file entry-v3.cif (mmCIF, C-alpha atoms)
data_protein
#
loop_
_atom_site.label_atom_id
_atom_site.label_comp_id
_atom_site.auth_asym_id
_atom_site.auth_seq_id
_atom_site.Cartn_x
_atom_site.Cartn_y
_atom_site.Cartn_z
CA MET A 1 0.00 0.00 0.00
CA ASN A 2 1.45 3.29 -1.18
CA THR A 3 1.37 6.20 1.21
CA THR A 4 1.46 9.80 0.21
CA ALA A 5 3.85 12.08 2.05
CA MET A 6 1.99 14.71 4.00
CA SER A 7 3.44 18.18 4.55
CA PRO A 8 4.16 18.79 8.19
CA LEU A 9 1.79 21.13 10.00
CA THR A 10 3.09 23.82 12.25
CA VAL A 11 1.41 23.63 15.60
CA THR A 12 1.52 26.60 17.92
CA PRO A 13 1.55 25.78 21.60
CA LEU A 14 -1.30 27.17 23.64
CA GLY A 15 0.94 29.18 25.88
CA PHE A 16 2.95 30.77 23.10
CA VAL A 17 2.89 34.60 22.93
CA PRO A 18 4.45 36.25 19.82
CA ASP A 19 7.23 38.76 20.36
CA LEU A 20 5.78 41.96 18.77
CA LYS A 21 8.66 44.12 19.85
CA ASN A 22 11.28 42.29 17.84
CA SER A 23 9.10 41.60 14.79
CA THR A 24 9.38 43.80 11.68
CA LEU A 25 6.07 45.15 10.26
CA ASP A 26 5.52 46.48 6.74
CA PRO A 27 4.31 50.08 6.65
CA LEU A 28 0.56 50.37 6.10
CA ASN A 29 0.97 53.32 3.69
CA GLU A 30 4.24 53.69 1.91
CA THR A 31 3.07 57.04 0.40
CA ALA A 32 2.35 58.68 3.73
CA CYS A 33 3.71 62.24 3.73
CA GLU A 34 6.26 62.67 6.51
CA ASN A 35 7.91 65.75 5.06
CA TRP A 36 5.86 68.13 2.89
CA LYS A 37 7.57 69.35 -0.23
CA GLU A 38 8.01 72.99 -1.08
CA ILE A 39 5.17 74.96 -2.68
CA HIS A 40 4.92 74.71 -6.46
CA HIS A 41 5.68 77.56 -8.80
CA LEU A 42 3.27 80.50 -9.20
CA VAL A 43 2.21 79.25 -12.66
CA PHE A 44 0.69 76.16 -11.05
CA HIS A 45 -1.46 78.24 -8.70
CA VAL A 46 -2.60 80.65 -11.41
CA ALA A 47 -3.78 77.67 -13.48
CA ASN A 48 -5.85 76.36 -10.55
CA ILE A 49 -7.28 79.82 -9.96
CA CYS A 50 -8.50 79.83 -13.58
CA PHE A 51 -10.21 76.48 -13.03
CA ALA A 52 -11.83 77.67 -9.80
CA VAL A 53 -13.13 80.93 -11.27
CA GLY A 54 -14.51 79.12 -14.31
CA LEU A 55 -16.43 76.64 -12.17
CA VAL A 56 -18.07 79.26 -9.93
CA ILE A 57 -19.42 81.43 -12.76
CA PRO A 58 -23.24 81.51 -12.40
CA THR A 59 -25.17 79.84 -15.19
CA THR A 60 -27.50 82.86 -15.35
CA LEU A 61 -24.69 84.86 -16.93
CA ASN A 62 -25.31 85.24 -20.64
CA LEU A 63 -21.80 84.26 -21.73
CA HIS A 64 -21.03 81.86 -18.90
CA MET A 65 -20.21 78.87 -21.16
CA ILE A 66 -17.83 80.92 -23.30
CA ILE A 67 -16.09 82.31 -20.21
CA LEU A 68 -15.90 78.83 -18.65
CA ARG A 69 -14.30 77.27 -21.72
CA GLY A 70 -11.94 80.21 -22.07
CA LEU A 71 -10.72 79.93 -18.47
CA LEU A 72 -10.33 76.15 -18.76
CA THR A 73 -8.27 76.67 -21.91
CA ILE A 74 -6.01 79.20 -20.16
CA GLY A 75 -5.66 76.91 -17.15
CA CYS A 76 -4.63 73.94 -19.28
CA ALA A 77 -2.08 76.09 -21.13
CA LEU A 78 -0.57 77.20 -17.82
CA PHE A 79 -0.41 73.61 -16.60
CA ILE A 80 1.50 72.66 -19.75
CA ILE A 81 3.98 75.48 -19.11
CA TRP A 82 4.37 74.42 -15.48
CA ALA A 83 4.78 70.73 -16.30
CA THR A 84 7.33 71.47 -19.05
CA LEU A 85 9.50 74.17 -17.50
CA TYR A 86 9.27 73.60 -13.76
CA ARG A 87 8.15 70.00 -13.20
CA CYS A 88 9.57 68.13 -16.20
CA ALA A 89 6.58 65.76 -16.07
CA LEU A 90 5.77 64.32 -19.46
CA ASP A 91 2.48 62.69 -18.43
CA ILE A 92 1.08 65.93 -16.96
CA MET A 93 2.03 67.79 -20.10
CA ILE A 94 0.37 65.20 -22.39
CA TRP A 95 -2.92 65.06 -20.48
CA ASN A 96 -3.23 68.82 -20.28
CA SER A 97 -2.45 69.08 -23.97
CA VAL A 98 -5.48 66.85 -24.65
CA PHE A 99 -7.66 68.94 -22.34
CA LEU A 100 -6.39 72.10 -24.00
CA VAL A 101 -7.42 70.92 -27.46
CA VAL A 102 -10.89 69.82 -26.28
CA ASN A 103 -11.65 73.09 -24.47
CA LEU A 104 -10.21 75.22 -27.27
CA LEU A 105 -12.48 73.53 -29.84
CA HIS A 106 -15.50 74.09 -27.59
CA PHE A 107 -14.52 77.72 -27.09
CA ILE A 108 -14.19 78.34 -30.84
CA TYR A 109 -17.55 76.67 -31.51
CA LEU A 110 -19.35 78.73 -28.87
CA VAL A 111 -17.83 81.97 -30.15
CA TYR A 112 -18.87 81.03 -33.67
CA LYS A 113 -22.45 80.47 -32.54
CA ARG A 114 -22.47 83.91 -30.92
CA ARG A 115 -21.31 85.66 -34.05
CA PRO A 116 -23.55 88.55 -35.15
CA ILE A 117 -26.13 87.42 -37.68
CA LYS A 118 -26.15 89.68 -40.68
CA ILE A 119 -29.72 90.40 -41.77
CA GLU A 120 -30.25 91.84 -45.21
CA LYS A 121 -30.81 95.57 -45.27
CA GLU A 122 -34.21 95.15 -46.91
CA LEU A 123 -35.33 92.85 -44.09
CA SER A 124 -33.79 94.61 -41.10
CA SER A 125 -36.74 96.96 -40.57
CA LEU A 126 -39.14 94.02 -40.82
CA TYR A 127 -37.21 92.09 -38.19
CA LYS A 128 -36.91 95.03 -35.79
CA ARG A 129 -40.57 95.97 -36.08
CA MET A 130 -42.33 92.58 -36.12
CA PHE A 131 -40.07 89.77 -34.93
CA GLU A 132 -37.49 91.23 -32.56
CA PRO A 133 -40.11 92.52 -30.05
CA LEU A 134 -41.39 88.92 -29.86
CA HIS A 135 -37.88 87.62 -29.02
CA VAL A 136 -37.35 85.75 -32.27
CA PRO A 137 -33.58 85.06 -32.51
CA PRO A 138 -31.81 86.53 -35.55
CA GLU A 139 -30.62 83.08 -36.66
CA LEU A 140 -34.20 81.76 -36.64
CA PHE A 141 -35.39 84.78 -38.60
CA GLN A 142 -32.58 84.19 -41.08
CA ARG A 143 -33.71 80.60 -41.56
CA LEU A 144 -37.28 81.78 -42.04
CA THR A 145 -36.36 84.30 -44.72
CA GLY A 146 -33.43 82.56 -46.37
CA GLN A 147 -34.64 79.20 -47.63
CA PHE A 148 -38.03 79.20 -49.31
CA CYS A 149 -38.96 82.81 -49.90
CA ASN A 150 -37.92 85.62 -52.20
CA ILE A 151 -38.29 89.35 -52.56
CA GLN A 152 -40.52 90.46 -55.41
CA THR A 153 -41.47 93.87 -56.80
CA LEU A 154 -44.56 95.43 -58.30
CA LYS A 155 -44.74 98.66 -60.22
CA THR A 156 -47.49 101.20 -59.69
CA GLY A 157 -50.78 99.88 -61.00
CA GLN A 158 -49.76 96.23 -61.17
CA ALA A 159 -52.00 93.74 -59.40
CA TYR A 160 -50.90 91.42 -56.63
CA ALA A 161 -54.23 89.60 -56.73
CA ALA A 162 -57.30 89.82 -58.95
CA GLU A 163 -60.80 89.24 -57.65
CA ASP A 164 -62.20 85.76 -58.46
CA LYS A 165 -59.09 84.93 -60.51
CA THR A 166 -56.00 84.61 -58.31
CA SER A 167 -55.69 81.50 -56.15
CA VAL A 168 -55.07 82.00 -52.44
CA ASP A 169 -53.18 78.70 -52.06
CA ASP A 170 -49.85 79.70 -53.52
CA ARG A 171 -48.20 82.25 -51.24
CA LEU A 172 -48.14 84.47 -48.19
CA SER A 173 -46.51 87.91 -48.39
CA ILE A 174 -45.43 90.84 -46.24
CA LEU A 175 -45.11 94.29 -47.76
CA LEU A 176 -41.62 95.74 -47.32
CA LYS A 177 -41.86 98.99 -49.24
CA GLY A 178 -44.57 101.06 -50.90
CA LYS A 179 -48.33 100.97 -50.49
CA MET A 180 -51.12 98.76 -51.80
CA LYS A 181 -54.84 99.31 -51.95
CA VAL A 182 -57.55 96.70 -51.54
CA SER A 183 -60.86 96.99 -53.37
CA TYR A 184 -63.99 94.92 -53.92
CA ARG A 185 -65.88 95.29 -57.21
CA GLY A 186 -64.29 98.68 -57.70
CA HIS A 187 -65.07 99.93 -54.16
CA PHE A 188 -62.02 100.90 -52.13
CA LEU A 189 -61.72 99.09 -48.77
CA HIS A 190 -58.38 99.92 -47.16
CA ASN A 191 -54.64 100.41 -47.71
CA ILE A 192 -51.75 98.08 -46.90
CA TYR A 193 -48.56 99.64 -45.57
CA PRO A 194 -45.00 98.32 -45.04
CA CYS A 195 -44.44 95.60 -42.43
CA ALA A 196 -48.00 94.30 -42.85
CA PHE A 197 -49.23 91.06 -44.34
CA ILE A 198 -50.79 91.45 -47.77
CA ASP A 199 -53.02 88.39 -47.73
CA SER A 200 -53.36 87.42 -44.07
CA PRO A 201 -57.20 87.06 -44.15
CA GLU A 202 -56.96 84.70 -47.10
CA PHE A 203 -54.19 82.70 -45.45
CA ARG A 204 -56.20 82.34 -42.24
CA SER A 205 -59.57 81.56 -43.79
CA THR A 206 -58.31 78.96 -46.27
CA GLN A 207 -56.06 76.88 -44.03
CA MET A 208 -58.64 74.11 -44.12
CA ASN A 209 -60.29 74.85 -47.47
CA ARG A 210 -58.03 74.89 -50.48
CA GLY A 211 -58.72 75.90 -54.06
CA GLU A 212 -60.43 79.21 -53.28
CA LYS A 213 -59.92 82.50 -55.09
CA PHE A 214 -59.30 86.01 -53.82
CA GLN A 215 -62.53 87.87 -53.15
CA VAL A 216 -60.78 91.24 -53.43
CA THR A 217 -58.37 92.97 -55.79
CA ILE A 218 -55.02 94.12 -54.44
CA ILE A 219 -53.14 96.66 -56.55
CA ALA A 220 -49.80 98.42 -55.98
CA ASP A 221 -50.47 102.10 -55.30
CA ASP A 222 -46.70 102.82 -55.37
CA ASN A 223 -43.66 100.94 -56.51
CA CYS A 224 -43.81 98.06 -54.05
CA LYS A 225 -41.44 95.46 -52.74
CA PHE A 226 -42.67 92.48 -50.73
CA LEU A 227 -41.36 89.29 -49.15
CA CYS A 228 -43.14 86.25 -50.54
CA TRP A 229 -43.20 82.73 -49.05
CA SER A 230 -44.29 79.56 -50.74
CA ARG A 231 -47.33 78.66 -48.68
CA GLU A 232 -46.79 74.91 -48.75
CA ARG A 233 -43.13 75.10 -47.76
CA LEU A 234 -43.84 77.74 -45.11
CA THR A 235 -46.51 75.54 -43.54
CA PHE A 236 -44.12 72.59 -43.47
CA PHE A 237 -41.38 74.73 -41.88
CA LEU A 238 -43.70 76.14 -39.20
CA GLU A 239 -44.79 72.64 -38.24
CA SER A 240 -41.16 71.87 -37.39
CA GLU A 241 -40.76 75.12 -35.41
CA PRO A 242 -43.53 75.32 -32.75
CA PHE A 243 -42.26 78.63 -31.36
CA LEU A 244 -42.30 80.31 -34.75
CA TYR A 245 -45.67 78.75 -35.51
CA GLU A 246 -47.17 80.51 -32.48
CA ILE A 247 -45.47 83.76 -33.51
CA PHE A 248 -47.09 83.57 -36.94
CA LYS A 249 -50.50 82.85 -35.44
CA TYR A 250 -50.19 85.97 -33.31
CA LEU A 251 -48.86 88.20 -36.10
CA ILE A 252 -51.51 87.12 -38.59
CA GLY A 253 -54.30 87.55 -36.04
CA LYS A 254 -53.01 91.01 -35.15
CA ASP A 255 -52.73 91.95 -38.83
CA ILE A 256 -56.34 90.90 -39.47
CA THR A 257 -57.48 93.00 -36.53
CA ASN A 258 -55.59 96.02 -37.88
CA LYS A 259 -57.28 95.57 -41.24
CA LEU A 260 -60.64 95.51 -39.51
CA TYR A 261 -59.84 98.77 -37.73
CA SER A 262 -58.58 100.39 -40.92
CA LEU A 263 -62.01 99.93 -42.51
CA ASN A 264 -63.34 102.63 -40.21
CA ASP A 265 -61.17 105.19 -41.94
CA PRO A 266 -59.44 104.00 -45.13
CA THR A 267 -57.19 107.07 -45.11
CA LEU A 268 -55.47 106.05 -41.87
CA ASN A 269 -51.78 105.28 -42.21
CA ASP A 270 -50.08 102.38 -40.49
CA LYS A 271 -48.96 104.43 -37.48
CA ALA A 272 -52.32 106.06 -36.83
CA SER A 273 -54.17 102.77 -37.06
CA LYS A 274 -52.26 101.46 -34.01
CA LYS A 275 -53.70 104.22 -31.85
CA ILE A 276 -57.33 103.40 -32.56
CA ASP A 277 -59.07 102.13 -29.43
CA ARG A 278 -62.58 101.65 -30.72
CA GLN A 279 -64.20 98.72 -32.49
CA PRO A 280 -65.11 98.89 -36.17
CA SER A 281 -68.56 100.03 -37.09
CA LEU A 282 -71.20 97.45 -37.98
CA CYS A 283 -71.02 98.39 -41.67
CA SER A 284 -67.27 97.92 -41.68
CA GLN A 285 -67.58 94.58 -39.93
CA LEU A 286 -70.06 93.35 -42.52
CA SER A 287 -67.84 94.54 -45.34
CA VAL A 288 -64.74 92.79 -44.15
CA MET A 289 -66.64 89.62 -43.48
CA GLN A 290 -68.15 89.51 -46.93
CA MET A 291 -65.19 90.79 -48.87
CA ARG A 292 -62.22 89.00 -47.31
CA ASN A 293 -63.11 85.31 -47.33
CA SER A 294 -65.25 84.92 -44.17
CA MET A 295 -62.50 85.03 -41.60
CA ALA A 296 -64.85 83.77 -38.89
CA SER A 297 -64.58 80.23 -40.29
CA THR A 298 -61.07 79.86 -38.91
CA SER A 299 -60.84 77.54 -35.92
CA ASP A 300 -57.39 78.49 -34.56
CA SER A 301 -57.68 82.27 -34.36
CA GLU A 302 -57.24 84.25 -31.18
CA ASP A 303 -60.08 83.92 -28.67
CA GLY A 304 -60.89 87.60 -28.65
CA LEU A 305 -60.89 87.75 -32.41
CA GLN A 306 -63.15 84.68 -32.58
CA MET A 307 -65.77 86.27 -30.34
CA PHE A 308 -65.59 89.49 -32.30
CA LEU A 309 -65.98 87.76 -35.64
CA ARG A 310 -68.79 85.53 -34.39
CA GLY A 311 -70.70 88.60 -33.31
CA THR A 312 -70.12 90.10 -36.73
CA SER A 313 -71.39 86.98 -38.47
CA SER A 314 -74.63 86.96 -36.50
CA ALA A 315 -75.20 90.62 -37.21
CA SER A 316 -74.64 89.97 -40.88
CA SER A 317 -77.35 87.30 -40.98
CA LEU A 318 -79.85 89.64 -39.36
CA LEU A 319 -79.28 92.44 -41.85
CA THR A 320 -79.06 90.41 -45.06
CA GLY A 321 -82.78 90.84 -45.89
CA PRO A 322 -83.02 94.66 -45.74
CA ALA A 323 -79.74 95.00 -47.60
CA GLU A 324 -81.05 92.95 -50.50
CA ARG A 325 -84.13 95.22 -50.92
CA LEU A 326 -82.03 98.31 -51.42
CA PRO A 327 -81.90 99.49 -55.07
#

call {"tool": "encode", "arguments": {"input": "entry-v3.cif", "output": "structure tokens"}}
result
Amino acid sequence: MNTTAMSPLTVTPLGFVPDLKNSTLDPLNETACENWKEIHHLVFHVANICFAVGLVIPTTLNLHMIILRGLLTIGCALFIIWATLYRCALDIMIWNSVFLVVNLLHFIYLVYKRRPIKIEKELSSLYKRMFEPLHVPPELFQRLTGQFCNIQTLKTGQAYAAEDKTSVDDRLSILLKGKMKVSYRGHFLHNIYPCAFIDSPEFRSTQMNRGEKFQVTIIADDNCKFLCWSRERLTFFLESEPFLYEIFKYLIGKDITNKLYSLNDPTLNDKASKKIDRQPSLCSQLSVMQMRNSMASTSDSEDGLQMFLRGTSSASSLLTGPAERLP
């Protein structure tokens, strides 16, 4: 029978007490600081100050991200100088070089985004008067006016739209320069002045019903220049920009209201019409309802404008009979 050799076991007697005084123990922390080294060079501390200042900048500050990235870039550059000239530490220099490149790229990108947006001279007055007060950013306005619209001109006497002939589905326009007059069957209704929509009632009333024609004639009273959008492409763009969509709803509703007020006195200019604080007369209300495509049919207009137009529509139905008996 083969036996396997067993390793001997060390047995400690019960009364044995180890000699701790003569035993040698390994240090628990070989990196424990017994003697502090001298303070680093001033460049090291300036770099850390840049980091600290950048991190405590409040986020409410308009340029806080640009300032933060700029200070981080300066701090990394100072760390590279310190590691190269005073510490001779290759690893510190390499890591801070990476951080420097990352922060510098971010800084350049942020500065590029903050560059002043150059708006065309012909559109600057339109932006300042209609869109800037509503906090529309210049870059968003540039996208709105730079992709699917163009500036067109009309000479005196040329028609923008002809009654019962021109389709309302093709475009939406804002007058930039000159003056236009709106008439129905030869009867003058009101004027259109710069920075006002030309066909806002038609745009609003035919959002759900396509294929309709202008019920009025719009003719250039002066040499006119206007900004013209493709209606289909504008609608698609506004669906992707909810903020701008709400802005357009407000501007078009306001423009329709101004046109209603201008029917009280067709000779009013665009500045005087803003100061009117009375509602249009009943005759004027009936005229605008009948002549400009029944704006009350719109479902997404402003609440106040809806109530006003509904009241106008009911008044129109009451007075239709007597009006028909007039010679």

call {"tool": "residues_around", "arguments": {"input": "entry-v3.cif", "residues": "A:Leu251", "least_positions_apart": "4", "cutoff": "8 Å", "atoms": "only C-alpha atoms", "output": "ChimeraX atom specification"}}
result
/A:130,247,255

call {"tool": "atom_distance", "arguments": {"input": "entry-v3.cif", "atom1": "atom CA of A:Ala220", "atom2": "atom CA of A:Tyr160"}}
result
7.1 Å

call {"tool": "resolve_selection", "arguments": {"input": "entry-v3.cif", "expression": "the PyMOL selection byres ((chain A and resi 93-109) around 7)", "output": "ChimeraX atom specification"}}
result
/A:66,69-70,72-73,76-77,79-80,83-84,89-92,110-113

call {"tool": "atom_distance", "arguments": {"input": "entry-v3.cif", "atom1": "atom CA of A:Leu140", "atom2": "atom CA of A:Pro58"}}
result
26.6 Å

call {"tool": "closest_residue", "arguments": {"input": "entry-v3.cif", "among": "A:Ile81, A:Cys195, A:Ile49, A:Leu55", "to": "A:Lys225", "atoms": "all atoms listed in the file"}}
result
A:Cys195

call {"tool": "residues_around", "arguments": {"input": "entry-v3.cif", "residues": "A:Asp221", "least_positions_apart": "6", "cutoff": "9 Å", "atoms": "only C-alpha atoms", "output": "PyMOL selection string"}}
result
chain A and resi 155-158+178-181+191

call {"tool": "atom_distance", "arguments": {"input": "entry-v3.cif", "atom1": "atom CA of A:Pro194", "atom2": "atom CA of A:Ser262"}}
result
14.3 Å

call {"tool": "resolve_selection", "arguments": {"input": "entry-v3.cif", "expression": "the PyMOL selection byres ((chain A and resi 214) around 10)", "output": "ChimeraX atom specification"}}
result
/A:161-169,199,201-202,212-213,215-218,291-293

call {"tool": "resolve_selection", "arguments": {"input": "entry-v3.cif", "expression": "the PyMOL selection byres ((chain A and resi 170) around 10)", "output": "JSON, numbers by chain"}}
result
{"A": [166, 167, 168, 169, 171, 172, 203, 210, 211, 228, 229, 230, 231, 232, 233]}

call {"tool": "residues_around", "arguments": {"input": "entry-v3.cif", "residues": "stretch 35-41 of chain A", "least_positions_apart": "6", "cutoff": "10 Å", "atoms": "only C-alpha atoms", "output": "list in words"}}
result
Trp82, Tyr86 and Arg87 of chain A

call {"tool": "closest_residue", "arguments": {"input": "entry-v3.cif", "among": "A:Thr153, A:Asn258, A:Gln142, A:Gln147", "to": "A:Leu175", "atoms": "all atoms listed in the file"}}
result
A:Thr153

call {"tool": "closest_residue", "arguments": {"input": "entry-v3.cif", "among": "A:Arg129, A:Lys249, A:Arg115, A:His64", "to": "A:Leu176", "atoms": "only C-alpha atoms"}}
result
A:Arg129

call {"tool": "closest_residue", "arguments": {"input": "entry-v3.cif", "among": "A:Cys50, A:Phe131, A:Thr59, A:Val43", "to": "A:Leu78", "atoms": "all atoms listed in the file"}}
result
A:Val43

call {"tool": "decode", "arguments": {"input": "entry-v3.cif", "residues": "stretch 116-131 of chain A", "atoms": "C-alpha atoms", "output": "tab-separated table (two decimals), in the first residue's frame"}}
result
chain	number	residue	atom	x	y	z
A	116	PRO	CA	-23.55	88.55	-35.15
A	117	ILE	CA	-26.13	87.42	-37.68
A	118	LYS	CA	-26.15	89.68	-40.68
A	119	ILE	CA	-29.72	90.40	-41.77
A	120	GLU	CA	-30.25	91.84	-45.21
A	121	LYS	CA	-30.81	95.57	-45.27
A	122	GLU	CA	-34.21	95.15	-46.91
A	123	LEU	CA	-35.33	92.85	-44.09
A	124	SER	CA	-33.79	94.61	-41.10
A	125	SER	CA	-36.74	96.96	-40.57
A	126	LEU	CA	-39.14	94.02	-40.82
A	127	TYR	CA	-37.21	92.09	-38.19
A	128	LYS	CA	-36.91	95.03	-35.79
A	129	ARG	CA	-40.57	95.97	-36.08
A	130	MET	CA	-42.33	92.58	-36.12
A	131	PHE	CA	-40.07	89.77	-34.93
